[in-house]
Structures are given as C-alpha cells and as structure tokens.
Amino acid sequence: MTGQALVGHGRLLDVLGAEVERLTATAREAAPDTPVPTTPGLTIGEVVRHVGGVYRVATGWMTEGRRPAGWQRDPAEGQSGEEYLREGFAALHRELASHDPAEYAAGWWPADRTYGFWCRRMAHETTVHRIDVQNAANRIVTEVDEDVAIDGIDEILALWFGQRLPMIGLSGTFTGSVGIRTGGHDWIARAGPGETVAWRCSAADTDRANGLVTGPPMAVYQWLWGRLGHGSVTWERSDDSIGQFWALLRLATR
C-alpha cells in the first residue's frame, strides 16, 4: 500500500491543530492522575506528556534528518504538562507548515519519507490520544469527520499492520485475510507465517476475504486502534482470521 494520504496536507494540519485544542481542553478540566483505561498504566497527565514528547521526536526526525538521539522527554522545571505539549506542538506545526508535503523528510516508514507522512502521523496520533483523554475524563467523545476517520483506517492498516509488524518481527500463525469495509472504501489485510500485508481494494476483493469487518468509519477507526470493543463493528465469516488480525494490531500499536 502506498503512503499517500486520502485527505490533503492542509486538511490534516487543521485536524492536528483542532485535536490539540480538544486534548488540552479536556485534560485541563480533569485530574492529571486520572487513569486512562485505553492506555493501561498511563494517567491523563502522562498521556499529555507522551504526546508532547512524540511531537519533539517527529520534529527531530525532520530537522536532523534522522531519528533524534535525544529530546526533552519531560516538562522543564516549573513548566506544566500543557505548556510542554503546546511548546512541542508549536515547533512541530512550524516545521510542517513551512514545507511542501511532498518534500523529503527522514522517517521510519520506507514507503513515505516526506513531510506529508509526519503531518498525517501526528494528526492521527493526536486524535487517538484525544479520544483516550475524553474517555478517561468521562466526556462525550467528539466525532471524527468521516474523511479523517477513513484516512486513519488507511494509515493504521498500511503503517502499523503492513510495516510496523514486519519491523518488529511479528506475523500470523496461520494464513488468513480480513476485508475492512466502511464509508465506501475497502481494504484487505492478510496475515500468515512471515507475512503481514494490507492494501486498498475493490468491494469484490473484500467479498472474497476469509473474514469481513464493517461499520461506520468512526467506529471502525476506533476499533482498529483498540479504543472500542468488538461489539462496535460487525464481524462476518471467519472469526479466527479477524481475531488474529486484531491481536496483531494490538501488538503493532502497543
């Protein structure tokens, strides 16, 4: 699967900015030591710190031309978690906004070493963690627009299932394919011994997969990221193939 996003660079920059605001607004109203069930072991305050650190790593990749050897991992003395996050976001946004999305930028995904890759990755990183914080704070989870959710589905299948799993040496124990269908788009994810691949496909191809997962884009997006339970989407045909696929995604995204 190619790395090209399904929505434009400017749209993803807007999403990134809006999601930072939602995340910080929710975190500000909640106790920082509130546990976050969808990221076991972390609190709301630690999720805010994590996202601020991820922004610094991404900016380092782009400005240094390689994975940064070091970065500010925690707020400075006297700096709040929100200030740490916003400072990291400001530097990240300046870097992304000042370059063409097709321009080369170092990164860890061979299929897409561009500024566009980092914009897409940071938009979805922030969106998923905003959902985490809203859930932990018992707030209504803000809907993700359909086009953004569909792009996020494409990204997790290509980047995390198709790339991250081979990077860490994990694959399926048996060969099985799963079709994912939502919002007029279809994908196939296939896993087997030594293989984890995913690609965009036609509805006819999806109909031939061992298993099929369908649902609204927002539900499928959250389910793929482990943020919603299995009842949020519909499973058809092979439960074993779908179960293996979902378990592999949990290993890829932990």
# chains A, B, ... in the order shown; residues from 1 in each chain; ligands from 1

call {"tool": "closest_atom_pairs", "arguments": {"of": "region 93-177 of chain A", "to": "region 240-243 of chain A", "cutoff": "9 Å", "atoms": "only C-alpha atoms", "output": "Markdown table"}}
result
| residue | atom | partner | partner_atom | distance |
| --- | --- | --- | --- | --- |
| A:Phe174 | CA | A:Ser241 | CA | 8.4 |
| A:Thr175 | CA | A:Ser241 | CA | 8.0 |
| A:Gly176 | CA | A:Ser241 | CA | 5.1 |
| A:Ser177 | CA | A:Ser241 | CA | 6.3 |

call {"tool": "write_last_selection", "arguments": {"atoms": "all heavy atoms", "output": "PDB file, in the first residue's frame"}}
result
ATOM      1  N   PHE A 174      -1.270 -18.539  11.178  1.00  0.00           N
ATOM      2  CA  PHE A 174      -1.911 -19.216  10.055  1.00  0.00           C
ATOM      3  C   PHE A 174      -2.300 -18.151   9.037  1.00  0.00           C
ATOM      4  O   PHE A 174      -2.428 -16.979   9.370  1.00  0.00           O
ATOM      5  CB  PHE A 174      -3.149 -19.993  10.505  1.00  0.00           C
ATOM      6  CG  PHE A 174      -4.262 -19.132  11.051  1.00  0.00           C
ATOM      7  CD1 PHE A 174      -5.266 -18.627  10.223  1.00  0.00           C
ATOM      8  CD2 PHE A 174      -4.300 -18.797  12.401  1.00  0.00           C
ATOM      9  CE1 PHE A 174      -6.271 -17.816  10.719  1.00  0.00           C
ATOM     10  CE2 PHE A 174      -5.314 -17.983  12.906  1.00  0.00           C
ATOM     11  CZ  PHE A 174      -6.299 -17.493  12.068  1.00  0.00           C
ATOM     12  N   THR A 175      -2.477 -18.543   7.807  1.00  0.00           N
ATOM     13  CA  THR A 175      -2.791 -17.591   6.751  1.00  0.00           C
ATOM     14  C   THR A 175      -4.280 -17.292   6.731  1.00  0.00           C
ATOM     15  O   THR A 175      -5.113 -18.203   6.644  1.00  0.00           O
ATOM     16  CB  THR A 175      -2.355 -18.123   5.383  1.00  0.00           C
ATOM     17  OG1 THR A 175      -0.938 -18.329   5.394  1.00  0.00           O
ATOM     18  CG2 THR A 175      -2.704 -17.121   4.285  1.00  0.00           C
ATOM     19  N   GLY A 176      -4.607 -16.031   6.854  1.00  0.00           N
ATOM     20  CA  GLY A 176      -5.997 -15.605   6.832  1.00  0.00           C
ATOM     21  C   GLY A 176      -6.097 -14.169   6.361  1.00  0.00           C
ATOM     22  O   GLY A 176      -5.233 -13.346   6.672  1.00  0.00           O
ATOM     23  N   SER A 177      -7.127 -13.852   5.598  1.00  0.00           N
ATOM     24  CA  SER A 177      -7.321 -12.487   5.101  1.00  0.00           C
ATOM     25  C   SER A 177      -8.594 -11.902   5.697  1.00  0.00           C
ATOM     26  O   SER A 177      -9.578 -12.609   5.928  1.00  0.00           O
ATOM     27  CB  SER A 177      -7.404 -12.480   3.580  1.00  0.00           C
ATOM     28  OG  SER A 177      -8.496 -13.262   3.132  1.00  0.00           O
TER      29      SER A 177
END

call {"tool": "select_by_dssp", "arguments": {"residues": "region 94-126 of chain A", "states": "alpha helix (DSSP H)", "output": "PyMOL selection string"}}
result
chain A and resi 94-97+115-126

call {"tool": "write_last_selection", "arguments": {"atoms": "N, CA, C and O atoms", "output": "mmCIF file, in the first residue's frame"}}
result
data_model
loop_
_atom_site.group_PDB
_atom_site.id
_atom_site.type_symbol
_atom_site.label_atom_id
_atom_site.label_comp_id
_atom_site.auth_asym_id
_atom_site.auth_seq_id
_atom_site.Cartn_x
_atom_site.Cartn_y
_atom_site.Cartn_z
ATOM 1 N N ARG A 94 5.193 24.613 13.021
ATOM 2 C CA ARG A 94 6.031 25.499 12.193
ATOM 3 C C ARG A 94 6.775 24.700 11.133
ATOM 4 O O ARG A 94 6.855 25.100 9.977
ATOM 5 N N GLU A 95 7.326 23.573 11.539
ATOM 6 C CA GLU A 95 8.103 22.753 10.602
ATOM 7 C C GLU A 95 7.210 22.175 9.506
ATOM 8 O O GLU A 95 7.552 22.211 8.327
ATOM 9 N N LEU A 96 6.051 21.660 9.877
ATOM 10 C CA LEU A 96 5.152 21.069 8.891
ATOM 11 C C LEU A 96 4.577 22.113 7.947
ATOM 12 O O LEU A 96 4.449 21.873 6.738
ATOM 13 N N ALA A 97 4.225 23.260 8.485
ATOM 14 C CA ALA A 97 3.574 24.291 7.685
ATOM 15 C C ALA A 97 4.529 24.977 6.716
ATOM 16 O O ALA A 97 4.086 25.582 5.735
ATOM 17 N N TYR A 115 7.371 15.107 4.273
ATOM 18 C CA TYR A 115 6.712 15.896 5.308
ATOM 19 C C TYR A 115 5.252 15.489 5.443
ATOM 20 O O TYR A 115 4.676 15.562 6.532
ATOM 21 N N GLY A 116 4.650 15.048 4.334
ATOM 22 C CA GLY A 116 3.271 14.607 4.387
ATOM 23 C C GLY A 116 3.065 13.432 5.321
ATOM 24 O O GLY A 116 2.032 13.332 6.001
ATOM 25 N N PHE A 117 4.049 12.523 5.361
ATOM 26 C CA PHE A 117 3.972 11.388 6.277
ATOM 27 C C PHE A 117 3.847 11.867 7.714
ATOM 28 O O PHE A 117 2.987 11.395 8.475
ATOM 29 N N TRP A 118 4.696 12.814 8.109
ATOM 30 C CA TRP A 118 4.702 13.268 9.501
ATOM 31 C C TRP A 118 3.444 14.047 9.846
ATOM 32 O O TRP A 118 2.927 13.955 10.971
ATOM 33 N N CYS A 119 2.924 14.798 8.887
ATOM 34 C CA CYS A 119 1.682 15.520 9.147
ATOM 35 C C CYS A 119 0.546 14.533 9.399
ATOM 36 O O CYS A 119 -0.222 14.682 10.360
ATOM 37 N N ARG A 120 0.449 13.533 8.557
ATOM 38 C CA ARG A 120 -0.599 12.517 8.721
ATOM 39 C C ARG A 120 -0.418 11.754 10.034
ATOM 40 O O ARG A 120 -1.377 11.557 10.780
ATOM 41 N N ARG A 121 0.796 11.334 10.317
ATOM 42 C CA ARG A 121 1.057 10.557 11.520
ATOM 43 C C ARG A 121 0.727 11.350 12.781
ATOM 44 O O ARG A 121 0.120 10.832 13.720
ATOM 45 N N MET A 122 1.119 12.606 12.829
ATOM 46 C CA MET A 122 0.863 13.406 14.024
ATOM 47 C C MET A 122 -0.622 13.757 14.164
ATOM 48 O O MET A 122 -1.135 13.857 15.282
ATOM 49 N N ALA A 123 -1.320 13.934 13.055
ATOM 50 C CA ALA A 123 -2.763 14.201 13.135
ATOM 51 C C ALA A 123 -3.485 13.022 13.766
ATOM 52 O O ALA A 123 -4.346 13.201 14.646
ATOM 53 N N HIS A 124 -3.149 11.812 13.352
ATOM 54 C CA HIS A 124 -3.841 10.647 13.902
ATOM 55 C C HIS A 124 -3.324 10.283 15.302
ATOM 56 O O HIS A 124 -4.109 9.836 16.149
ATOM 57 N N GLU A 125 -2.053 10.502 15.564
ATOM 58 C CA GLU A 125 -1.531 10.296 16.917
ATOM 59 C C GLU A 125 -2.303 11.159 17.908
ATOM 60 O O GLU A 125 -2.716 10.694 18.981
ATOM 61 N N THR A 126 -2.504 12.419 17.553
ATOM 62 C CA THR A 126 -3.186 13.348 18.443
ATOM 63 C C THR A 126 -4.665 12.998 18.577
ATOM 64 O O THR A 126 -5.230 13.058 19.674
#

call {"tool": "atom_distance", "arguments": {"atom1": "CA of Thr63 (chain A)", "atom2": "CA of Gln163 (chain A)"}}
result
23.4 Å

call {"tool": "select_by_dssp", "arguments": {"residues": "region 69-200 of chain A", "states": "strand (DSSP E)", "output": "list in words"}}
result
Gly176, Ser177, Val178, Gly179, Ile180, Arg181, Thr182, His185, Asp186, Trp187, Ile188, Ala189, Arg190, Ala191, Gly192, Glu195, Thr196, Val197, Ala198, Trp199 and Arg200 of chain A

call {"tool": "residues_around", "arguments": {"residues": "region 226-232 of chain A", "least_positions_apart": "2", "cutoff": "7 Å", "atoms": "only C-alpha atoms", "output": "list in words"}}
result
Thr38, Ala219, Gln222, Trp223, Leu224 and Arg250 of chain A

call {"tool": "residues_around", "arguments": {"residues": "Pro37 (chain A)", "least_positions_apart": "2", "cutoff": "9 Å", "atoms": "only C-alpha atoms", "output": "list in words"}}
result
Pro35, Thr39, Pro40, Gly41, Leu42, Thr43, Asp132, Asn135 and Ala136 of chain A

call {"tool": "residues_around", "arguments": {"residues": "Gln4 (chain A)", "least_positions_apart": "6", "cutoff": "10 Å", "atoms": "only C-alpha atoms", "output": "list in words"}}
result
Ala102, Ala111, Asp112, Thr114, Gly116, Phe117, Arg120, Asp151, Asp154 and Glu155 of chain A

call {"tool": "closest_residue", "arguments": {"among": "A:Arg130, A:His93, A:Arg113, A:Arg56", "to": "Thr142 (chain A)", "atoms": "only C-alpha atoms"}}
result
A:Arg130

call {"tool": "residues_around", "arguments": {"residues": "Leu23 (chain A)", "least_positions_apart": "6", "cutoff": "10 Å", "atoms": "only C-alpha atoms", "output": "count of residues only"}}
result
14

call {"tool": "atom_distance", "arguments": {"atom1": "CA of Glu46 (chain A)", "atom2": "CA of Leu157 (chain A)"}}
result
26.6 Å

call {"tool": "residues_around", "arguments": {"residues": "region 184-188 of chain A", "least_positions_apart": "4", "cutoff": "7 Å", "atoms": "only C-alpha atoms", "output": "list in words"}}
result
Ser177, Val178, Gly179, Ile180, Ala198, Trp199, Arg200, Cys201, Ser202, Ala203 and Thr206 of chain A

call {"tool": "closest_residue", "arguments": {"among": "A:His9, A:Ala105, A:Ala91, A:Ala137", "to": "Gly45 (chain A)", "atoms": "only C-alpha atoms"}}
result
A:Ala137
